[in-house]
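J.: Got a structure here, written out as C-alpha cells. Questions coming.
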Amino acid sequence: MKKLVILIFGIAAFSLLSSCEKWRTGDEMEITFTAETFVPQVETRAHLFENMESFKTLALAGGAGGYGGYFHVDAYYRDNHTSRYLLIDSDLLYYEDGGSWRFYEPPQQGQQSGKFLTYYWPNNDDNYKLDFFAYAPRYAADYSRDKLYQSYVSVDNALIPPAFTVNLPVDGAAHNELVEFMYAYTPDQTKGSNPVNLQFQHPFAAISFNLTQARVGLEIEELGFHEMYKRGTYSKNNENNLWSVKSWGAADTASLSIKNISTSVGQLGGTYLVLPQSENRDGFVFYIKYLLDEDNDGVKDPHYRTASIGMDWEPGKKYTYNLDLGSSLDGVYFTVSVDPWDKIYDHIIPIE
C-alpha cells in the first residue's frame, strides 16, 4: 500500500485554524472517531461496502482492489448557537502500515507527496459545539481530487445540517462503475464527547431480480421501472431527527432500463441502487419486454407487460423481485422479498 500512497509522512498541523491558537494551549486532545458501518450481504453489480475491509481498501489502478480507503469529514463550530463556520474540511486515509485512519491532505498539483494532519478539540472555551458530517467514498482509483467515485452525489455544506443531492444513473450498465455513497452526521459534540461516534448510513435501497421459471424459448429483452424517482435531495428534519429524500416532480423521474441479461433461472443482472420512494404514484410501474413464439410459427413476437411495484422502497433495505415467467403470461407475476442491510459489527477508528 505505501508504494501506492506516495511517500506519506506525518505532521502535526493546525494551519487551517491559525487564528484559534488559544485552543491549543494547556491540555490538548486530538479529535478521534468511533465509526460504525452498515453493510449489505448480497452479490452486487454496483459496488457496495460489504465489510470493514472493503471500507478501508483503496482501489488500485483500473479499479482493482477496493473502493474505500478514504472518507471525508467536515466539522462545524457553533459558539453559543449564534455563529457557525467550517472548522475542519479534511479527508481521512486508511494508513495500512499504521493500521489506522488519519486526517490526510492529498498532494496538490505538482507535489509528489501528501501529508497527515492533526486536529485538536477547542481548548479554554466552554461555549462551543462541533457538528460532524462525514461521507464516503472519496476518490476514484487515480486519487484525483477532481474525480470522485460518488460523482452522482453533490454535498451542500451551506445548509445546517448539510444536505446532499443525488442523481442516480438509470442505465443499468452504468451501475458497473457505481460505488455506494454513505454518510454520517453527529452534531453537538464537545471535548467531553471524544471519541465522536460516526454512524454511517445507507441512504439508498438496493434492487435485484431473480427468475424462478420461464416459458421455453422466452427471451428477455429489457426490464426495469418506469417513472422512477432517480433524483432528489436528502435533508434532516430536526424535529424528528430523521433524514429523508425529497423529489419534486416529473423532471426527477426516468426509467431504470436493464438490458443484455440472460433468461436463465437465477439472478438476472446485478444489484442496482435506487432512491427510497412510495409505490403509490401514477406511472411508477415495473415493466418487462420479452420475445416469445406463442403461435408456434417460428417467429418470436415482442411482448410488453407492466405491474405495480409491490411495496414502498425504504433506505437501507434490499428488495429482490422473484419473477415467474413460466405461468400464464396474461400478466406479470412476482413476489418481493425484503432484507435489511444489517450492522454486522462496530469498528473503532483511531485518528492519529
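Please note that chains go A, B, ... in the order of the C-alpha cells, that every chain numbers its residues from 1, and that ligands are numbered from 1 in the order shown.
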Stretch 323-325 of chain A: which residues within 9 Å, counting only C-alpha atoms, same-chain residues fewer than 4 positions away excluded, as a PyMOL selection string?

T.: chain A and resi 209-215+218+329+332-336

J.: Those residues you just picked out, can you put them in a file as a PDB file, in the first residue's frame with C-alpha atoms?

T.:
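out15.pdb, written as the output of this step:
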```
ATOM      1  CA  PHE A 209     -34.129  -9.611  -9.848  1.00  0.00           C
ATOM      2  CA  ASN A 210     -34.429 -13.372  -9.637  1.00  0.00           C
ATOM      3  CA  LEU A 211     -36.054 -15.555 -12.308  1.00  0.00           C
ATOM      4  CA  THR A 212     -37.842 -18.532 -10.758  1.00  0.00           C
ATOM      5  CA  GLN A 213     -39.104 -20.063 -14.019  1.00  0.00           C
ATOM      6  CA  ALA A 214     -39.700 -19.120 -17.667  1.00  0.00           C
ATOM      7  CA  ARG A 215     -41.587 -20.484 -20.686  1.00  0.00           C
ATOM      8  CA  LEU A 218     -38.793 -16.941 -23.862  1.00  0.00           C
ATOM      9  CA  LEU A 329     -48.272 -14.576 -19.385  1.00  0.00           C
ATOM     10  CA  VAL A 332     -46.622 -10.321 -14.737  1.00  0.00           C
ATOM     11  CA  TYR A 333     -46.317 -12.467 -11.624  1.00  0.00           C
ATOM     12  CA  PHE A 334     -43.710 -11.849  -8.973  1.00  0.00           C
ATOM     13  CA  THR A 335     -43.130 -11.830  -5.252  1.00  0.00           C
ATOM     14  CA  VAL A 336     -40.880  -9.375  -3.459  1.00  0.00           C
TER      15      VAL A 336
END
```

J.: Skipping near chain neighbours, those fewer than 3 positions away, what residues fall within 9 Å of A:Glu105 using only C-alpha atoms, listed as a list in words?

T.: Ser90, Asp91, Leu92, Leu93, Gln108, Gly114, Lys115, Phe116 and Leu117 of chain A

J.: Which is closer to A:Leu198 than all the others in A:Glu28, A:Asp74, A:Asp297, A:Glu219, using only C-alpha atoms?

T.: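 Using only C-alpha atoms, A:Leu198 sits closest to A:Asp74.
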
J.: Looking at only C-alpha atoms, which of A:Ile207, A:Ile258, A:Leu130, A:Val265 is the one that sits closest to A:Tyr77?

T.: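 So, comparing all the options, the nearest one is A:Leu130.
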
J.: Restricting the calculation to only C-alpha atoms, which member of A:Thr190, A:Asn167, A:Ser151, A:Ser337 is positioned closest to A:Arg78?

T.: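 Of A:Thr190, A:Asn167, A:Ser151, A:Ser337, the one nearest A:Arg78, counting only C-alpha atoms, is A:Thr190.
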
J.: Would you mind telling me which residue in A:Gly269, A:Pro276, A:Pro195, A:Pro302 lies nearest to A:Trp121 when using only C-alpha atoms?

T.: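 Selected residue with least distance to A:Trp121: A:Pro195.
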
J.: Just checking: using only C-alpha atoms, which residue out of A:Leu86, A:Ala205, A:Leu159, A:Ile31 ends up closest to A:Asn123?

T.: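 When distances to A:Asn123 are compared using only C-alpha atoms, the smallest one comes from A:Ile31.
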
J.: So what do you get for atom CA of A:Leu168 versus atom CA of A:Gly316, distance-wise?

T.: 16.1 Å

J.: Name the residues of stretch 200-352 of chain A that fall into strand (DSSP E or B) according to DSSP on the backbone, using the chain letters and numbers of this document, as a PyMOL selection string.

T.: chain A and resi 201+205-214+219-229+231-237+242-246+253-259+266-274+277+285-292+301-307+313+317-325+333-340+345-349+351

J.: Determine the nearest neighbour of A:Val155 from the options A:Phe286, A:Arg102, A:Gln201, A:Phe133, counting only C-alpha atoms.

T.: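 Result for the nearest residue to A:Val155: A:Phe133.
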
J.: So how far away is atom CA of A:Ala184 from atom CA of A:Asn127, in Å?

T.: 24.1 Å
